[in-house]
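Notes follow once the structure below has been shown.
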Amino acid sequence: MKQEVLNKILEQHKLWVTSRESEGERANLKNANLKGADLSDANLTDANLTGAHLANACFTGATGADLEGADLTNACFTGADLEGADLTRANLTGANLKDANLEGADLEGADLARAKIDHNIRDCYGFRFATFSPDSLPWLILHPRWAKDKDTVTIVSEPEESV
């Protein structure tokens, strides 16, 4: 997808989010080819990225999509290819990353509280200074860098509901 087209989708989605869904349009990037796209600092709250291709391009030395600092709260990445994607400092709170390819993805400083993750977290590049929910702990412990990075990880409990 060309960056100009993507920018228009992002503008409409931002309007949809800020107007509380009364204007603009929710980003539907299902199965979109976003290899190498610049989505840094984008607001993709509640966006549909199911099956999206955000992996590195086919040539050597390329990196995946740039999602550094993006707001991906509650976004759906089910089955998405995030190989090599830069998710540094991304807000993935409540995001669905089940069956997503995170091989080589950088999650340093990302907020994954309440994110739905599975064994795929073992394949990410790193997660120093990232935030996770307690239910992610079994998968994190299996990560090859756990012993080195565990002291930088924050595990947050779900906030208690007020009555």
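Naming works like this for the structure tokens: A, B, ... for the chains as they're shown, residue 1 at the start of each chain, ligands 1 onward in shown order.
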### Query
If you run DSSP on this backbone, which residues of chain A come out as strand (DSSP E), and could you give them as an NGL selection string?
:A and (111-112 or 131-132 or 154-155)
### Task
Just the residues within 10 Å of Gly36 of chain A, please, counting only C-alpha atoms, with nothing from its chain fewer than 3 positions along; format it as a PyMOL selection string.
chain A and resi 1+3+33+39+53-57+62-67+84-86
Selected residues written out with N, CA and C atoms, as an mmCIF file, in the first residue's frame:
data_model
loop_
_atom_site.group_PDB
_atom_site.id
_atom_site.type_symbol
_atom_site.label_atom_id
_atom_site.label_comp_id
_atom_site.auth_asym_id
_atom_site.auth_seq_id
_atom_site.Cartn_x
_atom_site.Cartn_y
_atom_site.Cartn_z
ATOM 1 N N MET A 1 0.849 -1.175 0.000
ATOM 2 C CA MET A 1 0.000 0.000 0.000
ATOM 3 C C MET A 1 0.896 1.239 0.000
ATOM 4 N N GLN A 3 2.189 4.940 0.759
ATOM 5 C CA GLN A 3 2.138 5.740 1.975
ATOM 6 C C GLN A 3 1.053 6.819 1.895
ATOM 7 N N ASN A 33 -1.049 -4.971 2.670
ATOM 8 C CA ASN A 33 0.396 -5.079 2.533
ATOM 9 C C ASN A 33 1.006 -3.789 3.055
ATOM 10 N N LEU A 39 4.331 3.840 10.288
ATOM 11 C CA LEU A 39 3.163 4.026 11.141
ATOM 12 C C LEU A 39 3.596 4.551 12.506
ATOM 13 N N HIS A 53 0.230 -7.583 6.558
ATOM 14 C CA HIS A 53 1.632 -7.925 6.315
ATOM 15 C C HIS A 53 2.481 -6.712 6.663
ATOM 16 N N LEU A 54 3.063 -6.740 7.864
ATOM 17 C CA LEU A 54 3.893 -5.644 8.349
ATOM 18 C C LEU A 54 5.339 -6.084 8.487
ATOM 19 N N ALA A 55 5.678 -7.179 7.850
ATOM 20 C CA ALA A 55 7.008 -7.766 7.982
ATOM 21 C C ALA A 55 8.013 -7.017 7.128
ATOM 22 N N ASN A 56 9.260 -7.492 7.242
ATOM 23 C CA ASN A 56 10.309 -6.894 6.429
ATOM 24 C C ASN A 56 10.062 -7.176 4.949
ATOM 25 N N ALA A 57 10.579 -6.306 4.121
ATOM 26 C CA ALA A 57 10.444 -6.483 2.682
ATOM 27 C C ALA A 57 11.299 -7.658 2.232
ATOM 28 N N ALA A 62 16.283 -5.096 5.030
ATOM 29 C CA ALA A 62 15.089 -4.296 5.257
ATOM 30 C C ALA A 62 14.510 -4.612 6.624
ATOM 31 N N THR A 63 13.838 -3.652 7.174
ATOM 32 C CA THR A 63 13.176 -3.864 8.452
ATOM 33 C C THR A 63 11.677 -3.927 8.225
ATOM 34 N N GLY A 64 10.972 -4.356 9.254
ATOM 35 C CA GLY A 64 9.524 -4.403 9.161
ATOM 36 C C GLY A 64 8.944 -3.010 9.298
ATOM 37 N N ALA A 65 7.627 -2.944 9.377
ATOM 38 C CA ALA A 65 6.942 -1.664 9.501
ATOM 39 C C ALA A 65 7.408 -0.935 10.755
ATOM 40 N N ASP A 66 7.394 0.390 10.670
ATOM 41 C CA ASP A 66 7.782 1.224 11.808
ATOM 42 C C ASP A 66 6.515 1.601 12.561
ATOM 43 N N LEU A 67 6.321 0.984 13.720
ATOM 44 C CA LEU A 67 5.181 1.253 14.584
ATOM 45 C C LEU A 67 5.644 1.879 15.899
ATOM 46 N N GLY A 84 10.091 -8.593 12.298
ATOM 47 C CA GLY A 84 11.030 -7.488 12.207
ATOM 48 C C GLY A 84 10.427 -6.113 12.432
ATOM 49 N N ALA A 85 9.153 -6.036 12.806
ATOM 50 C CA ALA A 85 8.503 -4.744 13.013
ATOM 51 C C ALA A 85 9.065 -4.044 14.243
ATOM 52 N N ASP A 86 9.119 -2.718 14.175
ATOM 53 C CA ASP A 86 9.579 -1.911 15.303
ATOM 54 C C ASP A 86 8.363 -1.469 16.095
#
### Task
Determine, counting only C-alpha atoms, which protein, DNA and RNA residues have an atom within 6 Å of an atom of Asn96 of chain A; residues of the same chain fewer than 3 positions away are not included. Present the result as JSON, numbers by chain.
{"A": [76, 77, 115, 116]}
### Message
Would you pick out the contacts of Asp118 of chain A at 12 Å or less, using only C-alpha atoms, so that residues sharing its chain but fewer than 3 positions from it are not included, and give the list as a list in words?
### Response
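Once the nearby chain positions are removed, what remains is Thr78, Gly79, Asn96, Leu97, Lys98, Asp99, Ala100, Asn101, Leu102, Ala115, Ile121, Arg122, Asp123, Cys124, Asp135, Ser136, Leu137, Pro138, Trp139, Leu140, Ile141, Leu142 and His143 of chain A.
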Hey, can you spit out that residue selection with N, CA and C atoms as an mmCIF file, in the first residue's frame?
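Writing the result to again_33.cif gives the following:
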data_model
loop_
_atom_site.group_PDB
_atom_site.id
_atom_site.type_symbol
_atom_site.label_atom_id
_atom_site.label_comp_id
_atom_site.auth_asym_id
_atom_site.auth_seq_id
_atom_site.Cartn_x
_atom_site.Cartn_y
_atom_site.Cartn_z
ATOM 1 N N THR A 78 -4.630 -10.381 14.796
ATOM 2 C CA THR A 78 -4.739 -11.827 14.679
ATOM 3 C C THR A 78 -4.188 -12.292 13.335
ATOM 4 N N GLY A 79 -3.213 -13.178 13.383
ATOM 5 C CA GLY A 79 -2.634 -13.720 12.167
ATOM 6 C C GLY A 79 -1.796 -12.744 11.359
ATOM 7 N N ASN A 96 -4.965 -7.641 20.277
ATOM 8 C CA ASN A 96 -5.033 -9.077 20.037
ATOM 9 C C ASN A 96 -3.890 -9.468 19.114
ATOM 10 N N LEU A 97 -2.882 -10.145 19.672
ATOM 11 C CA LEU A 97 -1.709 -10.586 18.919
ATOM 12 C C LEU A 97 -1.668 -12.104 18.775
ATOM 13 N N LYS A 98 -2.817 -12.754 18.989
ATOM 14 C CA LYS A 98 -2.860 -14.214 18.868
ATOM 15 C C LYS A 98 -2.531 -14.624 17.434
ATOM 16 N N ASP A 99 -1.682 -15.629 17.336
ATOM 17 C CA ASP A 99 -1.263 -16.182 16.044
ATOM 18 C C ASP A 99 -0.549 -15.171 15.141
ATOM 19 N N ALA A 100 -0.106 -14.055 15.704
ATOM 20 C CA ALA A 100 0.676 -13.092 14.920
ATOM 21 C C ALA A 100 2.136 -13.535 14.915
ATOM 22 N N ASN A 101 2.828 -13.267 13.818
ATOM 23 C CA ASN A 101 4.248 -13.584 13.723
ATOM 24 C C ASN A 101 5.033 -12.409 14.296
ATOM 25 N N LEU A 102 5.663 -12.623 15.459
ATOM 26 C CA LEU A 102 6.453 -11.576 16.107
ATOM 27 C C LEU A 102 7.950 -11.842 15.996
ATOM 28 N N ALA A 115 -2.917 -7.370 26.706
ATOM 29 C CA ALA A 115 -2.800 -7.835 25.317
ATOM 30 C C ALA A 115 -2.957 -9.345 25.280
ATOM 31 N N ILE A 121 5.348 -14.691 21.518
ATOM 32 C CA ILE A 121 6.203 -13.730 22.219
ATOM 33 C C ILE A 121 7.638 -14.250 22.331
ATOM 34 N N ARG A 122 7.806 -15.582 22.285
ATOM 35 C CA ARG A 122 9.154 -16.161 22.374
ATOM 36 C C ARG A 122 10.022 -15.763 21.196
ATOM 37 N N ASP A 123 9.406 -15.401 20.088
ATOM 38 C CA ASP A 123 10.149 -15.117 18.873
ATOM 39 C C ASP A 123 10.515 -13.645 18.695
ATOM 40 N N CYS A 124 9.995 -12.772 19.578
ATOM 41 C CA CYS A 124 10.298 -11.352 19.419
ATOM 42 C C CYS A 124 11.763 -11.089 19.753
ATOM 43 N N ASP A 135 -0.974 -12.754 33.077
ATOM 44 C CA ASP A 135 -1.257 -13.931 32.248
ATOM 45 C C ASP A 135 -0.226 -14.127 31.131
ATOM 46 N N SER A 136 0.610 -13.131 30.883
ATOM 47 C CA SER A 136 1.678 -13.249 29.876
ATOM 48 C C SER A 136 2.926 -13.915 30.432
ATOM 49 N N LEU A 137 3.022 -13.983 31.747
ATOM 50 C CA LEU A 137 4.237 -14.479 32.387
ATOM 51 C C LEU A 137 4.672 -15.864 31.918
ATOM 52 N N PRO A 138 3.767 -16.840 31.771
ATOM 53 C CA PRO A 138 4.233 -18.157 31.304
ATOM 54 C C PRO A 138 4.940 -18.100 29.953
ATOM 55 N N TRP A 139 4.481 -17.227 29.053
ATOM 56 C CA TRP A 139 5.110 -17.120 27.742
ATOM 57 C C TRP A 139 6.427 -16.350 27.828
ATOM 58 N N LEU A 140 6.469 -15.339 28.686
ATOM 59 C CA LEU A 140 7.701 -14.553 28.822
ATOM 60 C C LEU A 140 8.848 -15.387 29.366
ATOM 61 N N ILE A 141 8.540 -16.236 30.327
ATOM 62 C CA ILE A 141 9.581 -17.071 30.939
ATOM 63 C C ILE A 141 10.236 -17.979 29.913
ATOM 64 N N LEU A 142 9.519 -18.327 28.867
ATOM 65 C CA LEU A 142 10.064 -19.179 27.814
ATOM 66 C C LEU A 142 10.961 -18.415 26.839
ATOM 67 N N HIS A 143 10.960 -17.095 26.941
ATOM 68 C CA HIS A 143 11.750 -16.292 26.015
ATOM 69 C C HIS A 143 13.238 -16.445 26.312
#
Shell of 8 Å around segment 21-25 of chain A, only C-alpha atoms, local chain residues under 5 positions omitted, as a PDB file with C-alpha atoms, in the first residue's frame:
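Wrote part_11.pdb, looks like this:
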ATOM      1  CA  ILE A   9      -6.755   5.980   6.016  1.00  0.00           C
ATOM      2  CA  GLN A  12      -9.969   9.127   8.640  1.00  0.00           C
ATOM      3  CA  HIS A  13      -9.285   6.724  11.496  1.00  0.00           C
ATOM      4  CA  LYS A  14      -7.961   9.493  13.744  1.00  0.00           C
ATOM      5  CA  LEU A  15     -11.136  11.477  13.041  1.00  0.00           C
ATOM      6  CA  TRP A  16     -13.205   8.364  13.826  1.00  0.00           C
TER       7      TRP A  16
END
### Query
What is the atom CA of Arg145 of chain A-atom CA of Glu68 of chain A distance in Å, reported with one decimal?
21.0 Å
### Query
Of the residues A:Thr50, A:Asn43, A:Asn91, A:Asn31, which is the one nearest to Asn7 of chain A, using only C-alpha atoms?
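Counting only C-alpha atoms, the residue closest to Asn7 of chain A is A:Asn43.
Residues of segment 5-159 of chain A that DSSP, applied to the backbone, places in alpha helix (DSSP H): A:Val5, A:Leu6, A:Asn7, A:Lys8, A:Ile9, A:Leu10, A:Glu11, A:Gln12, A:His13, A:Lys14, A:Leu15, A:Trp16, A:Val17, A:Thr18, A:Leu137, A:Pro138, A:Trp139, A:Leu140, A:Ile141, A:Trp146, A:Ala147, A:Lys148, A:Asp149.
Minimum atom-to-atom distances from A:Leu107, A:Leu49, A:Lys35, A:Val17 to Gly69 of chain A were compared using only C-alpha atoms, and the lowest value belongs to A:Leu107.
Near Ala75 of chain A, within a cut-off of 8 Å and counting only C-alpha atoms, sit the residues Leu44, Thr45, Asp46, Ala47, Asn48, Leu49, Leu92, Gly94, Ala95 and Asn96 of chain A, with same-chain residues fewer than 5 positions away left out.
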### Query
What does the distance from atom CA of Arg89 of chain A to atom CA of Leu34 of chain A come to in Å, to one decimal?
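Those two atoms sit 19.4 Å apart.
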### Message
With distances taken over only C-alpha atoms, which residue among A:Ser40, A:Leu72, A:Leu87, A:Leu10 lies nearest Asn28 of chain A?
### Response
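Looking only at the distances to Asn28 of chain A, the closest residue turns out to be A:Leu10.
If you measure from each of A:Ala27, A:Ile155, A:Ala113, A:Ala105 to Gly126 of chain A using only C-alpha atoms, the closest one turns out to be A:Ala105.
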### Query
Could you pull the residues within 10 Å of Val156 of chain A, counting only C-alpha atoms, minus those fewer than 3 positions along the same chain, as a PyMOL selection string?
chain A and resi 112-114+131-135+153+159
